[in-house]
file data.cif (mmCIF, C-alpha atoms)
data_final
#
loop_
_atom_site.label_atom_id
_atom_site.label_comp_id
_atom_site.auth_asym_id
_atom_site.auth_seq_id
_atom_site.Cartn_x
_atom_site.Cartn_y
_atom_site.Cartn_z
CA MET P 1 -10.29 15.00 44.31
CA THR P 2 -10.29 18.79 44.09
CA GLY P 3 -8.39 21.17 46.31
CA PRO P 4 -5.60 23.75 46.39
CA ASP P 5 -2.51 23.43 44.24
CA GLY P 6 -0.29 20.57 45.32
CA GLY P 7 3.16 19.11 44.78
CA ALA P 8 4.68 15.77 43.88
CA ALA P 9 3.63 14.17 47.17
CA ASP P 10 0.03 15.31 46.67
CA LEU P 11 0.01 13.86 43.16
CA ALA P 12 1.31 10.55 44.50
CA ALA P 13 -1.46 10.61 47.11
CA LEU P 14 -4.02 11.16 44.34
CA VAL P 15 -2.66 8.10 42.54
CA ARG P 16 -3.09 6.01 45.67
CA ARG P 17 -6.67 7.24 46.18
CA CYS P 18 -7.59 6.42 42.59
CA LEU P 19 -6.11 2.95 42.95
CA ALA P 20 -8.05 2.37 46.16
CA SER P 21 -11.40 3.76 44.98
CA GLY P 22 -11.30 3.04 41.25
CA SER P 23 -11.98 6.72 40.51
CA VAL P 24 -10.98 7.74 36.97
CA ARG P 25 -8.86 10.84 36.42
CA ASP P 26 -7.04 12.17 33.37
CA VAL P 27 -3.62 13.60 34.23
CA LEU P 28 -1.97 15.97 31.79
CA TRP P 29 1.72 16.36 32.57
CA LEU P 30 3.22 19.46 30.99
CA ARG P 31 6.94 18.72 30.90
CA LEU P 32 8.37 22.24 30.75
CA SER P 33 11.77 20.74 31.59
CA CYS P 34 11.69 19.02 28.16
CA LEU P 35 10.88 22.10 26.07
CA PRO P 36 13.10 22.45 22.98
CA LYS P 37 15.60 25.29 23.16
CA GLY P 38 13.66 27.47 20.73
CA LEU P 39 10.54 27.18 22.87
CA ASP P 40 12.17 27.37 26.31
CA ARG P 41 11.56 31.08 26.84
CA PRO P 42 9.55 32.92 29.50
CA HIS P 43 6.75 34.02 27.16
CA HIS P 44 6.39 30.47 25.82
CA ARG P 45 6.09 29.13 29.35
CA ARG P 46 3.51 31.80 30.11
CA LEU P 47 1.43 30.77 27.08
CA LEU P 48 1.56 27.13 28.13
CA ARG P 49 0.52 27.95 31.69
CA GLU P 50 -2.35 30.07 30.35
CA ALA P 51 -3.52 27.06 28.35
CA LEU P 52 -4.00 25.28 31.66
CA ALA P 53 -6.41 27.95 32.96
CA LEU P 54 -8.87 25.68 34.70
CA PRO P 55 -12.24 27.44 34.75
CA GLN P 56 -12.61 27.47 30.97
CA HIS P 57 -11.37 23.95 30.29
CA ALA P 58 -11.97 21.46 33.05
CA ARG P 59 -14.31 20.31 35.78
CA ARG P 60 -13.13 18.97 39.14
CA ALA P 61 -9.52 19.82 38.36
CA ARG P 62 -6.41 20.20 40.49
CA VAL P 63 -2.96 21.56 39.63
CA PHE P 64 0.29 20.00 40.83
CA HIS P 65 3.63 21.83 40.66
CA LEU P 66 6.49 19.39 40.08
CA PRO P 67 10.29 19.68 40.01
CA ASP P 68 12.08 21.46 37.15
CA GLY P 69 9.08 23.68 36.47
CA ASP P 70 6.83 20.85 35.32
CA MET P 71 3.08 21.02 35.91
CA ALA P 72 0.42 18.32 36.07
CA VAL P 73 -3.34 18.79 36.05
CA ALA P 74 -5.76 16.08 37.11
CA THR P 75 -9.29 16.37 35.73
CA ALA P 76 -12.42 14.31 35.58
CA PRO P 77 -13.08 12.85 32.10
CA PRO P 78 -13.54 13.90 29.38
CA ASP P 79 -10.06 15.36 28.83
CA THR P 80 -10.45 18.89 27.41
CA LEU P 81 -7.11 20.27 28.55
CA ARG P 82 -4.92 18.37 26.09
CA PRO P 83 -6.51 19.93 22.95
CA ALA P 84 -6.03 23.41 24.46
CA VAL P 85 -2.33 22.82 25.11
CA LEU P 86 -1.87 21.25 21.68
CA ARG P 87 -3.26 24.41 20.09
CA VAL P 88 -0.65 26.47 21.95
CA LEU P 89 2.17 24.14 20.88
CA ASP P 90 0.95 23.75 17.28
CA GLY P 91 3.73 24.76 14.93
CA ALA P 92 6.18 25.47 17.72
CA VAL P 93 7.00 21.85 18.50
CA GLU P 94 7.42 19.12 15.90
CA GLU P 95 4.63 16.55 16.17
CA ALA P 96 7.23 13.83 16.75
CA ASN P 97 8.41 15.67 19.90
CA LEU P 98 4.98 16.43 21.35
CA GLY P 99 5.10 13.24 23.38
CA ARG P 100 8.19 14.54 25.19
CA VAL P 101 6.52 17.82 26.15
CA ILE P 102 2.98 16.61 26.91
CA ARG P 103 2.27 13.34 28.64
CA ALA P 104 -1.35 12.25 29.05
CA LEU P 105 -2.05 9.49 31.57
CA ARG P 106 -5.27 7.97 32.86
CA LEU P 107 -5.70 6.83 36.42
CA PRO P 108 -5.90 4.21 37.78
CA GLU P 109 -4.85 2.25 34.65
CA GLU P 110 -1.53 4.07 34.18
CA SER P 111 -0.68 4.63 37.85
CA GLY P 112 2.61 2.75 37.52
CA ALA P 113 3.81 4.94 34.66
CA LEU P 114 2.87 8.13 36.50
CA LEU P 115 4.65 7.07 39.70
CA ALA P 116 7.71 6.09 37.69
CA GLY P 117 7.73 9.56 36.12
CA LEU P 118 7.47 11.15 39.54
CA GLU P 119 10.42 9.12 40.79
CA GLU P 120 12.45 10.28 37.80
CA SER P 121 11.54 13.96 38.33
CA LEU P 122 12.42 13.73 42.04
CA GLY P 123 15.83 12.23 41.25
CA LEU P 124 14.93 8.86 42.73
CA ALA P 125 15.40 7.08 39.40
CA PRO P 126 18.01 7.66 36.68
CA ARG P 127 16.89 9.85 33.79
CA PRO P 128 17.33 8.41 30.29
CA GLU P 129 20.29 9.71 28.34
CA ALA P 130 19.32 12.83 26.40
CA GLY P 131 20.68 11.44 23.16
CA ASP P 132 18.95 8.09 23.49
CA LEU P 133 15.64 8.62 21.66
CA THR P 134 15.26 5.04 20.46
CA HIS P 135 12.04 3.20 21.20
CA PRO P 136 11.71 -0.45 22.13
CA PRO P 137 10.45 -2.73 19.36
CA LEU P 138 6.67 -2.79 19.08
CA GLU P 139 5.33 -6.16 20.14
CA ALA P 140 2.19 -7.91 18.95
CA GLU P 141 0.77 -7.99 22.48
CA ALA P 142 0.78 -4.18 22.62
CA LEU P 143 -1.18 -3.98 19.37
CA VAL P 144 -3.69 -6.58 20.48
CA ALA P 145 -4.33 -4.50 23.59
CA ILE P 146 -4.98 -1.17 21.86
CA LEU P 147 -6.62 -2.00 18.51
CA PRO P 148 -10.03 -2.85 20.03
CA THR P 149 -10.04 0.51 21.82
CA LEU P 150 -9.72 2.58 18.63
CA PRO P 151 -13.43 2.57 17.69
CA ARG P 152 -14.31 3.78 21.20
CA ALA P 153 -11.66 6.51 21.46
CA ASP P 154 -12.99 10.05 21.42
CA PRO P 155 -11.37 11.57 18.31
CA ALA P 156 -11.78 15.22 19.34
CA PRO P 157 -8.48 15.57 21.27
CA TYR P 158 -6.58 14.11 18.31
CA LEU P 159 -8.02 16.33 15.57
CA ARG P 160 -6.28 19.66 15.00
CA ARG P 161 -8.83 22.40 14.28
CA GLN P 162 -7.65 25.80 13.06
CA PRO P 163 -9.38 28.71 11.34
CA ILE P 164 -8.31 29.77 7.87
CA LEU P 165 -8.14 33.54 7.73
CA ARG P 166 -8.28 35.91 4.78
CA LEU P 167 -5.84 38.67 5.71
CA THR P 168 -4.86 41.39 3.25
CA PRO P 169 -2.16 44.09 3.44
CA GLU P 170 -4.98 46.66 3.45
CA GLY P 171 -6.29 45.29 6.75
CA GLU P 172 -9.24 43.24 5.50
CA SER P 173 -9.65 40.09 7.58
CA GLY P 174 -12.20 37.35 8.13
CA VAL P 175 -12.48 33.60 8.72
CA VAL P 176 -13.22 31.79 5.45
CA ALA P 177 -13.09 28.14 6.61
CA GLN P 178 -11.97 25.78 9.33
CA SER P 179 -9.24 23.21 8.82
CA ILE P 180 -9.52 19.78 10.49
CA ALA P 181 -6.58 17.37 10.38
CA PRO P 182 -5.85 14.10 12.22
CA MET P 183 -2.90 13.84 14.62
CA PRO P 184 -2.05 10.12 14.68
CA ALA P 185 1.14 10.68 16.68
CA ALA P 186 -0.91 12.26 19.49
CA LEU P 187 -3.23 9.25 19.51
CA ARG P 188 -0.17 6.97 19.54
CA ASP P 189 1.20 8.83 22.55
CA ARG P 190 -2.04 8.19 24.42
CA LEU P 191 -2.51 4.54 23.46
CA LEU P 192 1.12 3.46 23.15
CA PRO P 193 3.24 5.91 25.17
CA GLY P 194 6.94 5.38 24.58
CA TRP P 195 6.54 3.44 21.34
CA GLY P 196 7.67 4.78 17.98
CA LEU P 197 5.79 4.61 14.70
CA ASP P 198 8.69 5.06 12.28
CA GLU P 199 9.40 1.33 12.16
CA VAL P 200 5.70 0.41 11.74
CA PRO P 201 4.25 2.65 9.01
CA ALA P 202 1.25 0.33 8.69
CA LEU P 203 0.24 1.16 12.29
CA ALA P 204 0.70 4.89 11.67
CA ALA P 205 -1.59 4.61 8.63
CA HIS P 206 -4.11 2.61 10.65
CA LEU P 207 -4.21 5.22 13.42
CA ARG P 208 -4.63 8.02 10.88
CA LEU P 209 -7.41 6.20 9.04
CA SER P 210 -9.19 5.50 12.32
CA LEU P 211 -9.19 9.22 13.14
CA GLU P 212 -10.20 10.17 9.60
CA THR P 213 -13.21 7.85 9.51
CA ARG P 214 -14.40 9.20 12.87
CA MET P 215 -13.85 12.73 11.56
CA LEU P 216 -15.95 12.03 8.46
CA ALA P 217 -18.69 10.48 10.57
CA GLY P 218 -18.81 13.63 12.70
CA VAL P 219 -19.04 16.14 9.85
CA ALA P 220 -22.72 15.70 8.95
CA ARG P 221 -24.03 16.43 12.44
CA PRO P 222 -27.46 18.06 12.65
CA ASP P 223 -25.99 21.28 14.08
CA TRP P 224 -23.54 21.58 11.15
CA LEU P 225 -26.20 20.78 8.54
CA ALA P 226 -28.46 23.40 10.10
CA ALA P 227 -25.79 26.08 9.55
CA PRO P 228 -23.13 24.60 7.23
CA ARG P 229 -19.82 26.42 6.95
CA PRO P 230 -16.72 25.73 4.83
CA LEU P 231 -14.35 23.02 6.04
CA HIS P 232 -10.95 21.81 4.84
CA LEU P 233 -10.58 18.12 5.69
CA SER P 234 -7.10 16.58 5.53
CA LEU P 235 -7.59 13.04 4.17
CA SER P 236 -5.38 10.15 3.17
CA VAL P 237 -6.13 8.30 -0.07
CA ALA P 238 -7.51 5.41 1.99
CA ALA P 239 -10.01 7.76 3.68
CA LEU P 240 -10.95 9.41 0.38
CA THR P 241 -11.94 6.01 -1.03
CA SER P 242 -13.41 4.61 2.20
CA GLU P 243 -16.90 3.49 3.11
CA ALA P 244 -16.98 6.31 5.66
CA PHE P 245 -16.61 8.89 2.89
CA LEU P 246 -19.34 7.26 0.79
CA THR P 247 -21.62 7.27 3.83
CA LEU P 248 -20.94 10.96 4.42
CA ASP P 249 -21.56 11.73 0.75
CA GLY P 250 -24.93 10.00 0.93
CA ARG P 251 -25.99 12.18 3.87
CA LEU P 252 -24.98 15.55 2.42
CA PRO P 253 -27.32 17.64 0.23
CA GLY P 254 -25.85 18.58 -3.12
CA ALA P 255 -25.80 22.27 -2.22
CA VAL P 256 -23.60 21.59 0.83
CA ARG P 257 -20.89 19.44 -0.78
CA PRO P 258 -18.97 22.40 -2.31
CA MET P 259 -18.42 23.67 1.23
CA LEU P 260 -16.09 20.73 1.87
CA THR P 261 -12.56 20.90 0.50
CA LEU P 262 -10.83 17.52 0.58
CA ALA P 263 -7.09 18.04 1.07
CA VAL P 264 -4.77 15.14 0.23
CA PRO P 265 -1.05 15.22 1.19
CA ALA P 266 1.39 15.02 -1.71
CA ALA P 267 3.11 11.97 -0.19
CA GLU P 268 -0.20 10.09 -0.22
CA ILE P 269 -0.74 10.82 -3.91
CA LEU P 270 2.77 9.71 -4.81
CA ALA P 271 2.36 6.50 -2.79
CA ASP P 272 -0.96 5.51 -4.40
CA PRO P 273 -1.61 7.45 -7.62
CA ALA P 274 -4.24 4.99 -8.88
CA GLY P 275 -6.20 5.08 -5.63
CA PHE P 276 -6.00 8.86 -5.57
CA ALA P 277 -7.28 9.12 -9.15
CA LEU P 278 -10.29 7.00 -8.21
CA GLY P 279 -11.10 9.10 -5.14
CA ARG P 280 -10.45 12.38 -6.97
CA ASP P 281 -12.79 11.56 -9.84
CA LEU P 282 -15.57 10.59 -7.44
CA ALA P 283 -15.08 13.69 -5.27
CA VAL P 284 -14.97 16.13 -8.18
CA SER P 285 -18.00 14.56 -9.87
CA ARG P 286 -19.97 14.96 -6.63
CA GLY P 287 -19.10 18.64 -6.30
CA TYR P 288 -16.43 18.68 -3.58
CA GLY P 289 -13.41 20.93 -3.70
CA LEU P 290 -10.00 19.26 -3.99
CA ALA P 291 -6.75 20.55 -2.50
CA LEU P 292 -3.14 19.41 -2.57
CA GLU P 293 -1.24 19.56 0.73
CA ALA P 294 2.43 20.23 0.05
CA PRO P 295 5.19 20.42 2.68
CA GLY P 296 7.14 22.95 0.61
CA GLY P 297 8.24 24.13 -2.80
CA ALA P 298 10.21 20.95 -3.55
CA ALA P 299 7.04 18.88 -3.36
CA LEU P 300 5.34 21.26 -5.81
CA ALA P 301 8.17 20.84 -8.30
CA LEU P 302 7.70 17.06 -8.07
CA LEU P 303 3.90 17.13 -8.10
CA PRO P 304 2.39 20.30 -9.64
CA PRO P 305 -1.14 20.68 -8.22
CA TRP P 306 -2.80 21.38 -11.56
CA ARG P 307 -1.59 18.03 -12.86
CA VAL P 308 -3.51 16.16 -10.17
CA GLY P 309 -6.69 18.17 -10.66
CA ALA P 310 -6.46 20.24 -7.46
CA GLY P 311 -8.18 23.59 -7.41
CA LEU P 312 -6.48 24.77 -4.23
CA LEU P 313 -2.99 24.47 -2.77
CA ARG P 314 -2.36 24.13 0.97
CA LEU P 315 1.30 25.03 1.25
CA ALA P 316 3.25 24.63 4.49
CA TRP P 317 5.45 27.59 5.39
CA SER P 318 9.13 26.92 5.93
CA ASP P 319 12.24 29.07 6.05
CA ALA P 320 13.29 27.47 2.75
CA LEU P 321 10.36 28.94 0.79
CA PRO P 322 11.83 32.45 0.25
CA ALA P 323 14.93 30.91 -1.33
CA ASP P 324 12.93 29.09 -4.02
CA PRO P 325 9.52 30.68 -4.69
CA GLY P 326 9.38 29.42 -8.29
CA PRO P 327 6.94 26.52 -7.79
CA VAL P 328 4.64 28.75 -5.72
CA LEU P 329 4.64 31.44 -8.39
CA ALA P 330 3.82 28.78 -11.01
CA ALA P 331 0.83 27.69 -8.95
CA ARG P 332 -0.36 31.29 -8.69
CA ARG P 333 0.04 31.78 -12.45
CA ALA P 334 -2.06 28.64 -12.98
CA GLY P 335 -4.89 30.36 -11.13
CA LEU P 336 -4.80 28.25 -7.97
CA ALA P 337 -5.85 29.71 -4.65
CA VAL P 338 -3.15 29.17 -2.02
CA VAL P 339 -3.53 28.73 1.74
CA LEU P 340 -0.22 29.24 3.55
CA THR P 341 -0.37 26.83 6.50
CA GLY P 342 1.97 26.83 9.47
CA ALA P 343 1.92 30.64 9.45
CA ASP P 344 3.20 30.91 13.00
CA ARG P 345 5.23 34.09 12.48
CA THR P 346 4.48 37.42 10.88
CA ALA P 347 7.38 36.74 8.49
CA ALA P 348 5.27 34.02 6.84
CA ILE P 349 2.37 36.43 6.34
CA ALA P 350 4.66 39.12 4.93
CA TRP P 351 6.18 36.61 2.47
CA GLY P 352 2.70 35.49 1.46
CA TRP P 353 1.62 39.04 0.74
CA GLU P 354 4.69 39.55 -1.42
CA HIS P 355 3.51 36.65 -3.59
CA GLY P 356 -0.17 37.46 -3.72
CA ILE P 357 -1.26 35.05 -0.96
CA THR P 358 -4.00 36.30 1.37
CA LEU P 359 -5.22 33.03 2.96
CA PHE P 360 -3.35 31.94 6.09
CA GLN P 361 -3.57 29.29 8.78
CA GLY P 362 -1.35 29.17 11.85
CA ARG P 363 -0.58 30.64 15.23
CA ALA P 364 0.02 34.15 13.83
CA THR P 365 -3.49 34.27 12.40
CA ASP P 366 -4.87 32.76 15.61
CA ARG P 367 -3.27 35.62 17.53
CA HIS P 368 -4.77 38.10 15.05
CA LEU P 369 -8.24 36.71 15.74
CA ARG P 370 -7.74 36.86 19.50
CA ASN P 371 -6.64 40.48 19.23
#

call {"tool": "encode", "arguments": {"input": "data.cif", "output": "structure tokens"}}
result
Amino acid sequence: MTGPDGGAADLAALVRRCLASGSVRDVLWLRLSCLPKGLDRPHHRRLLREALALPQHARRARVFHLPDGDMAVATAPPDTLRPAVLRVLDGAVEEANLGRVIRALRLPEESGALLAGLEESLGLAPRPEAGDLTHPPLEAEALVAILPTLPRADPAPYLRRQPILRLTPEGESGVVAQSIAPMPAALRDRLLPGWGLDEVPALAAHLRLSLETRMLAGVARPDWLAAPRPLHLSLSVAALTSEAFLTLDGRLPGAVRPMLTLAVPAAEILADPAGFALGRDLAVSRGYGLALEAPGGAALALLPPWRVGAGLLRLAWSDALPADPGPVLAARRAGLAVVLTGADRTAAIAWGWEHGITLFQGRATDRHLRN
């Protein structure tokens, strides 16, 4: 299944061989032709192609160059390429659009879908209208097919891991923690490609909780306990009050629990304030740190972090923040540490410094570490 770079015909031949032999291959289709305008630039394409550098990511891999600049890579399981590409795209592409830029398919099960995509890229089948982004209604049969596979799915490709960096104007820098957050939309794209989650919020919550419980189960590994290091875990209220969290708590020594900061999105708290209060009281009494995840200043005005008992604020950078820094300044005056997430540009870091923020998470800090 390995060999020199190929084209569309070679990829179709690979599909036929997998169908005939039953060999399993993961195919990652990087749809450069679908890049949003802001990302469709030469240096962005170069970064994406670098993410597909084979020696460091995949075994028994082969690259296929497709029409319109698209690329596909076929690898033997497990799939380690997708997480690498997701890290490159993180912050540059909205999570809802990731499924249009990256398509993950497994052969031979999804051979029909891959061949249909090839026909479309070769002009042998009509492309969908660009403005038609609607998804077909989700049917019960589709759910019945995928729900039993959730407990067996490897969560690693669907958990976003990023370092949190202390970076000061004076040049001091160092990693202070690692952030781990579930990406339910990415899991949806793998299990239910082409289906939307907006009309079925219960399924979106179920996918998130499935990833969160697997994430919690993986925290107290022997290698981590042997050399524990600070983690920020993004958790829904359901995960914070779940059996998986209680099981993790029972396995952690008391001295290690303060190294875990449990970050709950503001929308989750507003949706279930009673459930959050229950989980918060348990977490704080057991010695964990508590953080509020806010998508911007407006959320802080609606839900001040000190009112919910959070000791840390994880604030998402947006271009709207400089216009209304009041809620952020109030959080700083209340003595809360602030992590500016989504710091993908140096402008976010500069704004953070102006307001006394020195903890950052995002592509700009990732680049700083690489340099």

call {"tool": "atom_distance", "arguments": {"input": "data.cif", "atom1": "CA of Pro265 (chain P)", "atom2": "CA of Glu293 (chain P)"}}
result
4.4 Å

call {"tool": "closest_residue", "arguments": {"input": "data.cif", "among": "P:Pro83, P:Gly289, P:Pro108, P:Pro163", "to": "Val24 (chain P)", "atoms": "only C-alpha atoms"}}
result
P:Pro108

call {"tool": "resolve_selection", "arguments": {"input": "data.cif", "expression": "the PyMOL selection byres ((chain P and resi 65) around 8)", "output": "VMD selection string"}}
result
chain P and resid 5 to 8 63 to 64 66 to 67 69 to 72

call {"tool": "resolve_selection", "arguments": {"input": "data.cif", "expression": "the PyMOL selection byres ((chain P and resi 74) around 8)", "output": "ChimeraX atom specification"}}
result
/P:25-28,61-63,72-73,75-76

call {"tool": "residues_around", "arguments": {"input": "data.cif", "residues": "region 354-365 of chain P", "least_positions_apart": "6", "cutoff": "7 Å", "atoms": "all atoms listed in the file", "output": "mmCIF file with C-alpha atoms, keeping the file's coordinate frame"}}
result
data_model
loop_
_atom_site.group_PDB
_atom_site.id
_atom_site.type_symbol
_atom_site.label_atom_id
_atom_site.label_comp_id
_atom_site.auth_asym_id
_atom_site.auth_seq_id
_atom_site.Cartn_x
_atom_site.Cartn_y
_atom_site.Cartn_z
ATOM 1 C CA GLN P 162 -7.650 25.800 13.060
ATOM 2 C CA PRO P 163 -9.380 28.710 11.340
ATOM 3 C CA ILE P 164 -8.310 29.770 7.870
ATOM 4 C CA LEU P 165 -8.140 33.540 7.730
ATOM 5 C CA ARG P 166 -8.280 35.910 4.780
ATOM 6 C CA LEU P 167 -5.840 38.670 5.710
ATOM 7 C CA THR P 168 -4.860 41.390 3.250
ATOM 8 C CA VAL P 338 -3.150 29.170 -2.020
ATOM 9 C CA VAL P 339 -3.530 28.730 1.740
ATOM 10 C CA LEU P 340 -0.220 29.240 3.550
ATOM 11 C CA THR P 341 -0.370 26.830 6.500
ATOM 12 C CA GLY P 342 1.970 26.830 9.470
ATOM 13 C CA ALA P 343 1.920 30.640 9.450
ATOM 14 C CA ASP P 344 3.200 30.910 13.000
ATOM 15 C CA ARG P 345 5.230 34.090 12.480
ATOM 16 C CA THR P 346 4.480 37.420 10.880
#

call {"tool": "atom_distance", "arguments": {"input": "data.cif", "atom1": "CA of Ala226 (chain P)", "atom2": "CA of Arg251 (chain P)"}}
result
13.1 Å

call {"tool": "residues_around", "arguments": {"input": "data.cif", "residues": "region 277-280 of chain P", "least_positions_apart": "3", "cutoff": "12 Å", "atoms": "all atoms listed in the file", "output": "JSON, numbers by chain"}}
result
{"P": [235, 236, 237, 238, 239, 240, 241, 242, 243, 245, 246, 261, 262, 263, 264, 268, 269, 270, 271, 272, 273, 274, 283, 284, 285, 286, 287, 288, 289, 290, 291, 292, 307, 308, 309, 310, 311]}

call {"tool": "closest_residue", "arguments": {"input": "data.cif", "among": "P:His206, P:Ala220, P:Leu191, P:Leu11", "to": "Gly117 (chain P)", "atoms": "only C-alpha atoms"}}
result
P:Leu11

call {"tool": "resolve_selection", "arguments": {"input": "data.cif", "expression": "the PyMOL selection byres ((chain P and resi 33) around 10)", "output": "NGL selection string"}}
result
:P and (30-32 or 34-36 or 40 or 67-71 or 100-101 or 121)

call {"tool": "atom_distance", "arguments": {"input": "data.cif", "atom1": "CA of Leu211 (chain P)", "atom2": "CA of Gly297 (chain P)"}}
result
27.9 Å

call {"tool": "residues_around", "arguments": {"input": "data.cif", "residues": "Asp319 (chain P)", "least_positions_apart": "6", "cutoff": "10 Å", "atoms": "only C-alpha atoms", "output": "VMD selection string"}}
result
chain P and resid 296 347 to 348

call {"tool": "residues_around", "arguments": {"input": "data.cif", "residues": "Ala320 (chain P)", "least_positions_apart": "2", "cutoff": "10 Å", "atoms": "only C-alpha atoms", "output": "ChimeraX atom specification"}}
result
/P:296-298,317-318,322-325

call {"tool": "closest_residue", "arguments": {"input": "data.cif", "among": "P:Pro157, P:Pro304, P:Pro228, P:Gly218", "to": "Ala266 (chain P)", "atoms": "all atoms listed in the file"}}
result
P:Pro304

call {"tool": "closest_residue", "arguments": {"input": "data.cif", "among": "P:Asp249, P:Asp223, P:Asp10, P:Asp154", "to": "Leu115 (chain P)", "atoms": "all atoms listed in the file"}}
result
P:Asp10

call {"tool": "closest_residue", "arguments": {"input": "data.cif", "among": "P:Leu336, P:Ala217, P:Ala186, P:Ala255", "to": "Ala204 (chain P)", "atoms": "all atoms listed in the file"}}
result
P:Ala186

call {"tool": "build_atoms", "arguments": {"input": "data.cif", "residues": "region 237-243 of chain P", "atoms": "all heavy atoms", "output": "PDB file, in the coordinates of the input"}}
result
ATOM      1  N   VAL P 237      -5.450   8.946   1.068  1.00  0.00           N
ATOM      2  CA  VAL P 237      -6.130   8.300  -0.070  1.00  0.00           C
ATOM      3  C   VAL P 237      -7.065   7.215   0.429  1.00  0.00           C
ATOM      4  O   VAL P 237      -8.181   7.049  -0.081  1.00  0.00           O
ATOM      5  CB  VAL P 237      -5.083   7.730  -1.047  1.00  0.00           C
ATOM      6  CG1 VAL P 237      -5.750   6.829  -2.084  1.00  0.00           C
ATOM      7  CG2 VAL P 237      -4.325   8.867  -1.732  1.00  0.00           C
ATOM      8  N   ALA P 238      -6.651   6.474   1.457  1.00  0.00           N
ATOM      9  CA  ALA P 238      -7.510   5.410   1.990  1.00  0.00           C
ATOM     10  C   ALA P 238      -8.818   5.977   2.511  1.00  0.00           C
ATOM     11  O   ALA P 238      -9.883   5.368   2.325  1.00  0.00           O
ATOM     12  CB  ALA P 238      -6.772   4.653   3.090  1.00  0.00           C
ATOM     13  N   ALA P 239      -8.784   7.146   3.175  1.00  0.00           N
ATOM     14  CA  ALA P 239     -10.010   7.760   3.680  1.00  0.00           C
ATOM     15  C   ALA P 239     -10.873   8.301   2.549  1.00  0.00           C
ATOM     16  O   ALA P 239     -12.106   8.225   2.588  1.00  0.00           O
ATOM     17  CB  ALA P 239      -9.670   8.871   4.664  1.00  0.00           C
ATOM     18  N   LEU P 240     -10.218   8.844   1.516  1.00  0.00           N
ATOM     19  CA  LEU P 240     -10.950   9.410   0.380  1.00  0.00           C
ATOM     20  C   LEU P 240     -11.732   8.341  -0.369  1.00  0.00           C
ATOM     21  O   LEU P 240     -12.753   8.638  -1.004  1.00  0.00           O
ATOM     22  CB  LEU P 240      -9.968  10.122  -0.547  1.00  0.00           C
ATOM     23  CG  LEU P 240     -10.542  10.928  -1.710  1.00  0.00           C
ATOM     24  CD1 LEU P 240     -11.424  12.058  -1.203  1.00  0.00           C
ATOM     25  CD2 LEU P 240      -9.405  11.482  -2.567  1.00  0.00           C
ATOM     26  N   THR P 241     -11.269   7.112  -0.314  1.00  0.00           N
ATOM     27  CA  THR P 241     -11.940   6.010  -1.030  1.00  0.00           C
ATOM     28  C   THR P 241     -12.626   5.049  -0.059  1.00  0.00           C
ATOM     29  O   THR P 241     -12.925   3.914  -0.432  1.00  0.00           O
ATOM     30  CB  THR P 241     -10.915   5.242  -1.876  1.00  0.00           C
ATOM     31  OG1 THR P 241      -9.834   4.794  -1.034  1.00  0.00           O
ATOM     32  CG2 THR P 241     -10.340   6.121  -2.973  1.00  0.00           C
ATOM     33  N   SER P 242     -12.884   5.499   1.168  1.00  0.00           N
ATOM     34  CA  SER P 242     -13.410   4.610   2.200  1.00  0.00           C
ATOM     35  C   SER P 242     -14.936   4.587   2.206  1.00  0.00           C
ATOM     36  O   SER P 242     -15.605   5.462   1.647  1.00  0.00           O
ATOM     37  CB  SER P 242     -12.909   5.039   3.581  1.00  0.00           C
ATOM     38  OG  SER P 242     -13.473   6.294   3.937  1.00  0.00           O
ATOM     39  N   GLU P 243     -15.465   3.583   2.906  1.00  0.00           N
ATOM     40  CA  GLU P 243     -16.900   3.490   3.110  1.00  0.00           C
ATOM     41  C   GLU P 243     -17.405   4.675   3.920  1.00  0.00           C
ATOM     42  O   GLU P 243     -18.525   5.159   3.714  1.00  0.00           O
ATOM     43  CB  GLU P 243     -17.237   2.183   3.830  1.00  0.00           C
ATOM     44  CG  GLU P 243     -18.727   1.932   4.014  1.00  0.00           C
ATOM     45  CD  GLU P 243     -19.452   1.683   2.696  1.00  0.00           C
ATOM     46  OE1 GLU P 243     -18.797   1.196   1.759  1.00  0.00           O
ATOM     47  OE2 GLU P 243     -20.661   1.978   2.637  1.00  0.00           O
TER      48      GLU P 243
END
